[in-house]
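Everything below belongs to structure-v3.cif, which stores mmCIF, C-alpha atoms and all ligand atoms.
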data_structure
loop_
_atom_site.group_PDB
_atom_site.id
_atom_site.type_symbol
_atom_site.label_atom_id
_atom_site.label_comp_id
_atom_site.auth_asym_id
_atom_site.auth_seq_id
_atom_site.Cartn_x
_atom_site.Cartn_y
_atom_site.Cartn_z
ATOM 1 C CA MET A 1 42.900 -28.734 -69.058
ATOM 2 C CA GLY A 2 43.615 -25.153 -70.217
ATOM 3 C CA LEU A 3 44.191 -24.103 -66.640
ATOM 4 C CA LEU A 4 47.051 -26.538 -66.628
ATOM 5 C CA ARG A 5 48.174 -25.894 -70.143
ATOM 6 C CA ASN A 6 51.102 -23.672 -69.243
ATOM 7 C CA SER A 7 52.462 -26.173 -66.793
ATOM 8 C CA LEU A 8 51.703 -28.941 -69.291
ATOM 9 C CA CYS A 9 53.759 -27.108 -71.921
ATOM 10 C CA ALA A 10 56.584 -26.810 -69.447
ATOM 11 C CA MET A 11 56.311 -30.514 -68.697
ATOM 12 C CA ALA A 12 56.199 -31.366 -72.403
ATOM 13 C CA LEU A 13 59.339 -29.315 -73.023
ATOM 14 C CA PHE A 14 61.021 -31.031 -70.129
ATOM 15 C CA ALA A 15 59.999 -34.436 -71.458
ATOM 16 C CA ALA A 16 61.235 -33.528 -74.949
ATOM 17 C CA SER A 17 64.571 -32.305 -73.661
ATOM 18 C CA ALA A 18 64.861 -35.476 -71.605
ATOM 19 C CA GLY A 19 64.615 -37.433 -74.858
ATOM 20 C CA ASN A 20 61.146 -38.823 -74.219
ATOM 21 C CA ALA A 21 59.826 -39.875 -77.619
ATOM 22 C CA ALA A 22 56.259 -40.365 -76.401
ATOM 23 C CA THR A 23 54.971 -37.017 -77.668
ATOM 24 C CA LEU A 24 51.383 -36.115 -76.962
ATOM 25 C CA LEU A 25 49.378 -33.981 -79.346
ATOM 26 C CA GLU A 26 46.512 -31.630 -78.539
ATOM 27 C CA PRO A 27 45.146 -30.977 -82.041
ATOM 28 C CA THR A 28 43.309 -27.824 -83.026
ATOM 29 C CA LEU A 29 40.114 -27.625 -85.068
ATOM 30 C CA HIS A 30 38.753 -24.620 -86.959
ATOM 31 C CA LEU A 31 35.795 -24.182 -89.284
ATOM 32 C CA LYS A 32 36.690 -23.694 -92.916
ATOM 33 C CA PRO A 33 36.228 -20.004 -93.856
ATOM 34 C CA HIS A 34 32.781 -19.370 -95.213
ATOM 35 C CA ASP A 35 30.759 -16.283 -96.109
ATOM 36 C CA VAL A 36 28.021 -15.711 -93.586
ATOM 37 C CA GLU A 37 25.035 -13.585 -94.473
ATOM 38 C CA GLY A 38 25.079 -10.548 -92.253
ATOM 39 C CA GLY A 39 28.772 -11.049 -91.522
ATOM 40 C CA GLY A 40 28.343 -11.991 -87.862
ATOM 41 C CA GLY A 41 30.620 -15.007 -88.155
ATOM 42 C CA ARG A 42 30.189 -18.685 -87.263
ATOM 43 C CA VAL A 43 31.418 -20.761 -84.362
ATOM 44 C CA ALA A 44 30.938 -24.384 -83.352
ATOM 45 C CA LEU A 45 30.094 -25.096 -79.733
ATOM 46 C CA THR A 46 31.299 -28.505 -78.555
ATOM 47 C CA LEU A 47 30.443 -29.715 -75.057
ATOM 48 C CA ASP A 48 31.944 -32.767 -73.403
ATOM 49 C CA ALA A 49 29.866 -35.079 -71.208
ATOM 50 C CA CYS A 50 32.718 -37.065 -69.687
ATOM 51 C CA GLY A 51 30.840 -38.759 -66.856
ATOM 52 C CA GLY A 52 28.829 -37.545 -63.876
ATOM 53 C CA THR A 53 25.551 -35.757 -64.421
ATOM 54 C CA THR A 54 24.082 -32.981 -66.588
ATOM 55 C CA ASP A 55 24.439 -29.223 -66.217
ATOM 56 C CA THR A 56 20.819 -28.272 -66.809
ATOM 57 C CA ARG A 57 21.739 -24.563 -66.716
ATOM 58 C CA ILE A 58 23.540 -25.111 -70.019
ATOM 59 C CA LEU A 59 21.079 -27.619 -71.515
ATOM 60 C CA SER A 60 18.088 -25.347 -70.794
ATOM 61 C CA ALA A 61 19.871 -22.271 -72.146
ATOM 62 C CA LEU A 62 20.674 -24.096 -75.404
ATOM 63 C CA VAL A 63 17.053 -25.201 -75.850
ATOM 64 C CA ASP A 64 15.527 -21.857 -74.793
ATOM 65 C CA ASN A 65 17.842 -19.811 -77.026
ATOM 66 C CA ARG A 66 17.936 -22.334 -79.862
ATOM 67 C CA ILE A 67 21.716 -22.622 -79.841
ATOM 68 C CA PRO A 68 22.948 -25.739 -81.688
ATOM 69 C CA ALA A 69 25.770 -27.757 -80.137
ATOM 70 C CA THR A 70 27.804 -30.899 -80.685
ATOM 71 C CA ILE A 71 27.809 -33.004 -77.510
ATOM 72 C CA PHE A 72 30.655 -35.475 -76.965
ATOM 73 C CA VAL A 73 29.254 -38.214 -74.735
ATOM 74 C CA THR A 74 30.871 -41.248 -73.129
ATOM 75 C CA GLY A 75 29.233 -44.623 -72.617
ATOM 76 C CA ILE A 76 29.344 -43.935 -68.861
ATOM 77 C CA TRP A 77 27.507 -40.622 -69.174
ATOM 78 C CA LEU A 78 24.878 -42.046 -71.567
ATOM 79 C CA LYS A 79 23.990 -44.750 -69.087
ATOM 80 C CA ARG A 80 23.403 -42.318 -66.205
ATOM 81 C CA ASN A 81 21.722 -39.402 -67.990
ATOM 82 C CA ALA A 82 18.722 -40.843 -69.817
ATOM 83 C CA GLU A 83 16.588 -37.764 -69.180
ATOM 84 C CA ALA A 84 19.134 -35.377 -70.700
ATOM 85 C CA VAL A 85 19.638 -37.720 -73.674
ATOM 86 C CA GLU A 86 15.878 -37.710 -74.218
ATOM 87 C CA ILE A 87 15.834 -33.882 -74.276
ATOM 88 C CA MET A 88 18.717 -33.843 -76.761
ATOM 89 C CA ARG A 89 17.060 -36.462 -78.987
ATOM 90 C CA ALA A 90 13.834 -34.440 -78.887
ATOM 91 C CA HIS A 91 15.731 -31.535 -80.509
ATOM 92 C CA PRO A 92 17.636 -33.090 -83.429
ATOM 93 C CA ASP A 93 17.859 -29.636 -85.013
ATOM 94 C CA LEU A 94 19.933 -28.462 -82.032
ATOM 95 C CA PHE A 95 21.953 -31.420 -80.785
ATOM 96 C CA GLU A 96 24.458 -33.638 -82.538
ATOM 97 C CA LEU A 97 25.770 -36.439 -80.310
ATOM 98 C CA GLU A 98 29.298 -37.652 -80.952
ATOM 99 C CA ASN A 99 31.789 -40.112 -79.483
ATOM 100 C CA HIS A 100 33.794 -39.241 -76.333
ATOM 101 C CA GLY A 101 34.761 -42.886 -75.723
ATOM 102 C CA GLY A 102 33.270 -45.784 -73.821
ATOM 103 C CA ARG A 103 34.953 -45.226 -70.471
ATOM 104 C CA HIS A 104 36.624 -41.785 -70.712
ATOM 105 C CA VAL A 105 40.105 -43.202 -71.121
ATOM 106 C CA PRO A 106 42.679 -41.013 -72.944
ATOM 107 C CA ALA A 107 43.417 -42.191 -76.509
ATOM 108 C CA VAL A 108 47.116 -42.613 -75.855
ATOM 109 C CA ASP A 109 48.562 -46.008 -76.725
ATOM 110 C CA THR A 110 51.458 -46.027 -74.271
ATOM 111 C CA PRO A 111 50.962 -46.342 -70.499
ATOM 112 C CA ARG A 112 51.110 -42.942 -68.765
ATOM 113 C CA LYS A 113 48.961 -40.505 -66.844
ATOM 114 C CA ILE A 114 47.463 -37.351 -68.350
ATOM 115 C CA PHE A 115 46.009 -34.842 -65.869
ATOM 116 C CA GLY A 116 45.909 -37.709 -63.415
ATOM 117 C CA ILE A 117 43.922 -40.002 -65.727
ATOM 118 C CA ARG A 118 45.509 -43.281 -66.770
ATOM 119 C CA SER A 119 45.857 -43.582 -70.563
ATOM 120 C CA ALA A 120 44.428 -46.479 -72.574
ATOM 121 C CA GLY A 121 48.016 -47.711 -72.686
ATOM 122 C CA SER A 122 47.977 -49.905 -75.806
ATOM 123 C CA PRO A 123 46.668 -49.784 -79.381
ATOM 124 C CA ASP A 124 44.047 -52.433 -78.536
ATOM 125 C CA ALA A 125 42.813 -50.418 -75.565
ATOM 126 C CA VAL A 126 42.536 -47.235 -77.682
ATOM 127 C CA GLN A 127 40.511 -49.178 -80.241
ATOM 128 C CA ALA A 128 38.247 -50.583 -77.508
ATOM 129 C CA GLU A 129 37.679 -47.073 -76.099
ATOM 130 C CA VAL A 130 36.702 -45.689 -79.520
ATOM 131 C CA GLU A 131 34.533 -48.644 -80.541
ATOM 132 C CA SER A 132 32.753 -48.988 -77.205
ATOM 133 C CA GLY A 133 31.911 -45.269 -77.296
ATOM 134 C CA ALA A 134 30.446 -45.639 -80.782
ATOM 135 C CA ALA A 135 28.525 -48.755 -79.741
ATOM 136 C CA ALA A 136 27.059 -46.977 -76.692
ATOM 137 C CA LEU A 137 25.849 -44.141 -78.911
ATOM 138 C CA ALA A 138 24.381 -46.550 -81.445
ATOM 139 C CA GLY A 139 22.619 -48.336 -78.585
ATOM 140 C CA ALA A 140 21.069 -45.023 -77.483
ATOM 141 C CA GLY A 141 19.454 -44.546 -80.920
ATOM 142 C CA GLY A 142 20.092 -41.784 -83.399
ATOM 143 C CA PRO A 143 22.594 -41.432 -86.212
ATOM 144 C CA ALA A 144 26.028 -43.081 -86.113
ATOM 145 C CA ALA A 145 28.868 -41.020 -84.645
ATOM 146 C CA LYS A 146 31.278 -39.438 -87.123
ATOM 147 C CA TRP A 147 33.536 -37.540 -84.732
ATOM 148 C CA PHE A 148 35.661 -38.721 -81.841
ATOM 149 C CA ARG A 149 37.206 -36.717 -79.051
ATOM 150 C CA GLY A 150 39.326 -38.605 -76.541
ATOM 151 C CA ALA A 151 39.327 -37.959 -72.802
ATOM 152 C CA THR A 152 41.668 -35.005 -72.016
ATOM 153 C CA ALA A 153 41.761 -34.207 -75.794
ATOM 154 C CA GLU A 154 45.386 -35.432 -75.898
ATOM 155 C CA TYR A 155 46.526 -38.186 -78.274
ATOM 156 C CA SER A 156 49.583 -40.079 -79.315
ATOM 157 C CA PRO A 157 50.257 -39.650 -83.068
ATOM 158 C CA SER A 158 49.801 -43.381 -83.694
ATOM 159 C CA ALA A 159 46.442 -43.301 -81.874
ATOM 160 C CA ILE A 160 45.300 -40.455 -84.153
ATOM 161 C CA ALA A 161 46.146 -42.582 -87.200
ATOM 162 C CA MET A 162 44.242 -45.540 -85.775
ATOM 163 C CA ILE A 163 41.129 -43.509 -84.928
ATOM 164 C CA ARG A 164 41.097 -42.153 -88.490
ATOM 165 C CA ARG A 165 41.357 -45.728 -89.814
ATOM 166 C CA LEU A 166 38.364 -46.647 -87.652
ATOM 167 C CA GLY A 167 36.445 -44.024 -89.629
ATOM 168 C CA PHE A 168 36.224 -41.090 -87.236
ATOM 169 C CA LYS A 169 37.377 -37.507 -87.589
ATOM 170 C CA ILE A 170 39.055 -36.212 -84.456
ATOM 171 C CA ALA A 171 37.599 -33.132 -82.831
ATOM 172 C CA GLY A 172 40.232 -30.721 -81.639
ATOM 173 C CA PHE A 173 39.238 -27.196 -80.685
ATOM 174 C CA SER A 174 40.496 -23.619 -80.893
ATOM 175 C CA VAL A 175 38.969 -21.993 -77.794
ATOM 176 C CA ASN A 176 39.315 -23.680 -74.424
ATOM 177 C CA GLY A 177 36.163 -22.197 -72.923
ATOM 178 C CA ASP A 178 36.096 -23.512 -69.388
ATOM 179 C CA GLY A 179 39.564 -24.948 -68.652
ATOM 180 C CA GLY A 180 38.248 -28.448 -68.018
ATOM 181 C CA SER A 181 35.256 -26.884 -66.177
ATOM 182 C CA LEU A 182 37.654 -25.601 -63.497
ATOM 183 C CA LEU A 183 37.596 -21.904 -64.381
ATOM 184 C CA GLY A 184 35.398 -19.345 -62.659
ATOM 185 C CA ALA A 185 32.203 -18.042 -64.262
ATOM 186 C CA LYS A 186 33.681 -14.683 -65.229
ATOM 187 C CA GLU A 187 36.767 -16.035 -66.999
ATOM 188 C CA THR A 188 34.701 -18.728 -68.753
ATOM 189 C CA ALA A 189 32.221 -16.108 -69.992
ATOM 190 C CA ARG A 190 35.109 -13.904 -71.166
ATOM 191 C CA ARG A 191 36.804 -16.713 -73.123
ATOM 192 C CA ILE A 192 33.629 -17.937 -74.821
ATOM 193 C CA GLY A 193 32.346 -14.415 -75.478
ATOM 194 C CA ALA A 194 35.643 -13.606 -77.244
ATOM 195 C CA ALA A 195 35.306 -16.446 -79.802
ATOM 196 C CA LYS A 196 35.891 -15.338 -83.385
ATOM 197 C CA ASP A 197 34.582 -16.450 -86.762
ATOM 198 C CA GLY A 198 35.702 -20.037 -87.418
ATOM 199 C CA ASP A 199 36.418 -20.965 -83.811
ATOM 200 C CA VAL A 200 35.549 -24.323 -82.282
ATOM 201 C CA ILE A 201 34.794 -23.900 -78.578
ATOM 202 C CA ILE A 202 35.215 -26.674 -76.028
ATOM 203 C CA ALA A 203 33.501 -26.670 -72.615
ATOM 204 C CA HIS A 204 31.739 -29.196 -70.370
ATOM 205 C CA ILE A 205 28.068 -30.033 -69.787
ATOM 206 C CA ASN A 206 28.567 -32.591 -67.010
ATOM 207 C CA GLN A 207 29.545 -30.454 -63.984
ATOM 208 C CA PRO A 208 26.376 -28.807 -62.670
ATOM 209 C CA THR A 209 28.012 -27.744 -59.390
ATOM 210 C CA HIS A 210 30.897 -25.866 -61.032
ATOM 211 C CA ALA A 211 30.817 -22.078 -61.490
ATOM 212 C CA ALA A 212 32.137 -22.508 -65.035
ATOM 213 C CA GLY A 213 28.699 -23.648 -66.261
ATOM 214 C CA GLU A 214 27.187 -20.273 -65.424
ATOM 215 C CA GLY A 215 29.971 -18.647 -67.447
ATOM 216 C CA VAL A 216 29.310 -20.957 -70.405
ATOM 217 C CA VAL A 217 25.721 -19.689 -70.548
ATOM 218 C CA GLN A 218 26.768 -16.020 -70.207
ATOM 219 C CA GLY A 219 29.437 -16.354 -72.889
ATOM 220 C CA LEU A 220 27.061 -18.042 -75.331
ATOM 221 C CA LEU A 221 24.379 -15.408 -74.828
ATOM 222 C CA ALA A 222 26.987 -12.686 -75.430
ATOM 223 C CA LEU A 223 27.993 -14.346 -78.718
ATOM 224 C CA LYS A 224 24.381 -14.672 -79.778
ATOM 225 C CA GLN A 225 23.817 -10.999 -78.929
ATOM 226 C CA LYS A 226 26.734 -10.088 -81.224
ATOM 227 C CA GLY A 227 25.026 -11.908 -84.092
ATOM 228 C CA MET A 228 27.290 -14.973 -84.119
ATOM 229 C CA THR A 229 25.854 -18.048 -85.863
ATOM 230 C CA PHE A 230 26.292 -21.433 -84.142
ATOM 231 C CA VAL A 231 26.858 -24.573 -86.188
ATOM 232 C CA ARG A 232 27.363 -28.242 -85.304
ATOM 233 C CA LEU A 233 30.446 -30.069 -86.521
ATOM 234 C CA ASP A 234 28.290 -31.921 -89.042
ATOM 235 C CA ASP A 235 27.005 -28.669 -90.535
ATOM 236 C CA ALA A 236 30.371 -27.148 -91.374
ATOM 237 C CA GLU A 237 33.695 -28.290 -92.723
ATOM 238 C CA GLY A 238 36.146 -28.638 -89.869
ATOM 239 C CA VAL A 239 39.856 -28.353 -90.551
ATOM 240 C CA GLY A 240 42.134 -29.917 -87.967
ATOM 241 C CA ASN A 241 45.914 -30.238 -87.760
ATOM 242 C CA ASP A 242 48.052 -33.302 -86.929
ATOM 243 C CA GLY A 243 46.150 -35.424 -89.497
ATOM 244 C CA THR A 244 42.929 -35.315 -87.488
ATOM 245 C CA THR A 245 40.486 -34.502 -90.308
ATOM 246 C CA ASP A 246 42.236 -35.073 -93.648
HETATM 247 ZN ZN ZN B 1 36.008 -35.618 -71.145
#

As structure tokens, please, write out the structure in this file.
Amino acid sequence: MGLLRNSLCAMALFAASAGNAATLLEPTLHLKPHDVEGGGGRVALTLDACGGTTDTRILSALVDNRIPATIFVTGIWLKRNAEAVEIMRAHPDLFELENHGGRHVPAVDTPRKIFGIRSAGSPDAVQAEVESGAAALAGAGGPAAKWFRGATAEYSPSAIAMIRRLGFKIAGFSVNGDGGSLLGAKETARRIGAAKDGDVIIAHINQPTHAAGEGVVQGLLALKQKGMTFVRLDDAEGVGNDGTTD
């Protein structure tokens, strides 16, 4: 995602200048400023489980170092990763599970492709993606989802309004930690390790063969070393733009 962001911006500008009204938004999310004892700052770690399997390097590091995280899971991932779900459910103090959609289809209500993934394509299909993701989570036990993050984290403005009407806040981010899990370990560690007070980090927990996962762990340990406090989205007030949280 971030790896492609510069070219995406160029494409978006091109589309805008070509008079294409189908704007896509990539909303940001920050934590509301808050005094932290000790002054080390707070960040929220959000990890997407789009499909595929589980990066146990990251999962083990979170458990071993007691780092809380918000995990955005799809219905597809939930079905195939029962063991990881069980570990997360066994640590409710660490893991908050939220809605990443039923089938990992971008929440864009016009037909198009985003990073090669076909969008939901209609308002009904966006609604089905959001509701099936919530239903899958409910079926896996645990509290009801309150946050939604669509596949690719890009939305059409009308889809954002609909998701809010369905009762979910939309989870943007402020630090793209792993560039869609495509970055190398060193760059991933650098980005995550540079997170500042109030940042919301996005990375992936479903690509165990990618080098980025090693960097996620290194970056998190560096933040912890600096005295940064980790919070889940439920534990802090998140402030998003583009009407995603208000
Ligand atoms: Zn995803």

Discussion item. The PyMOL selection byres (((chain A and resi 151) around 7) and not hetatm) - which residues does that actually catch in the file I just gave you? List them as a list in words.
Written reply: His100, His104, Val105, Pro106, Ala107, Arg149, Gly150, Thr152 and Ala153 of chain A

Worksheet entry | Cut-off 12 Å, all atoms listed in the file, neighbours of ligand ZN 1 (chain B) as a ChimeraX atom specification | /A:1,46-52,71-77,99-107,114-115,117,148-154,179-181,202-207

Writing out the chosen residues with C-alpha atoms as a tab-separated table (two decimals), in the coordinates of the input:
chain	number	residue	atom	x	y	z
A	1	MET	CA	42.90	-28.73	-69.06
A	46	THR	CA	31.30	-28.50	-78.56
A	47	LEU	CA	30.44	-29.72	-75.06
A	48	ASP	CA	31.94	-32.77	-73.40
A	49	ALA	CA	29.87	-35.08	-71.21
A	50	CYS	CA	32.72	-37.06	-69.69
A	51	GLY	CA	30.84	-38.76	-66.86
A	52	GLY	CA	28.83	-37.54	-63.88
A	71	ILE	CA	27.81	-33.00	-77.51
A	72	PHE	CA	30.66	-35.48	-76.96
A	73	VAL	CA	29.25	-38.21	-74.74
A	74	THR	CA	30.87	-41.25	-73.13
A	75	GLY	CA	29.23	-44.62	-72.62
A	76	ILE	CA	29.34	-43.94	-68.86
A	77	TRP	CA	27.51	-40.62	-69.17
A	99	ASN	CA	31.79	-40.11	-79.48
A	100	HIS	CA	33.79	-39.24	-76.33
A	101	GLY	CA	34.76	-42.89	-75.72
A	102	GLY	CA	33.27	-45.78	-73.82
A	103	ARG	CA	34.95	-45.23	-70.47
A	104	HIS	CA	36.62	-41.78	-70.71
A	105	VAL	CA	40.10	-43.20	-71.12
A	106	PRO	CA	42.68	-41.01	-72.94
A	107	ALA	CA	43.42	-42.19	-76.51
A	114	ILE	CA	47.46	-37.35	-68.35
A	115	PHE	CA	46.01	-34.84	-65.87
A	117	ILE	CA	43.92	-40.00	-65.73
A	148	PHE	CA	35.66	-38.72	-81.84
A	149	ARG	CA	37.21	-36.72	-79.05
A	150	GLY	CA	39.33	-38.60	-76.54
A	151	ALA	CA	39.33	-37.96	-72.80
A	152	THR	CA	41.67	-35.01	-72.02
A	153	ALA	CA	41.76	-34.21	-75.79
A	154	GLU	CA	45.39	-35.43	-75.90
A	179	GLY	CA	39.56	-24.95	-68.65
A	180	GLY	CA	38.25	-28.45	-68.02
A	181	SER	CA	35.26	-26.88	-66.18
A	202	ILE	CA	35.22	-26.67	-76.03
A	203	ALA	CA	33.50	-26.67	-72.61
A	204	HIS	CA	31.74	-29.20	-70.37
A	205	ILE	CA	28.07	-30.03	-69.79
A	206	ASN	CA	28.57	-32.59	-67.01
A	207	GLN	CA	29.54	-30.45	-63.98

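Minimum atom-to-atom distance to Gln225 (chain A), evaluated using only C-alpha atoms, belongs to A:Gly40 out of A:Pro208, A:Pro68, A:Gly40, A:Pro92.
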
Worksheet, complete the sentence: Between A:Gln218, A:Thr28, A:Ser60, A:Ser156, smallest distance to Ala120 (chain A) by only C-alpha atoms belongs to A:Ser156

Discussion item. Under the rule that all atoms listed in the file are counted, which of A:Pro111, A:Ala222, A:Glu98, A:Phe168 is the nearest residue to Gln127 (chain A)?
Written reply: A:Phe168

Practice prompt. Please provide as a VMD selection string all residues within 9 Å of Pro143 (chain A), with the sequence filter that same-chain residues fewer than 4 positions apart are discarded (counting all atoms listed in the file).
Written response: chain A and resid 96 to 97 137 to 138

Worksheet item: Do you have the CA of Gly172 (chain A)-CA of Thr209 (chain A) distance handy?
Response: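 Interatomic distance here is 25.6 Å.
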
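Nearest to Asp234 (chain A) of all the residues A:Ile163, A:Ala44, A:Ala128, A:Ala90 is A:Ala44, counting only C-alpha atoms.
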
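Minimum atom-to-atom distances from A:Leu94, A:Val43, A:Val231, A:Leu78 to Leu59 (chain A) were compared using all atoms listed in the file, and the lowest value belongs to A:Leu94.
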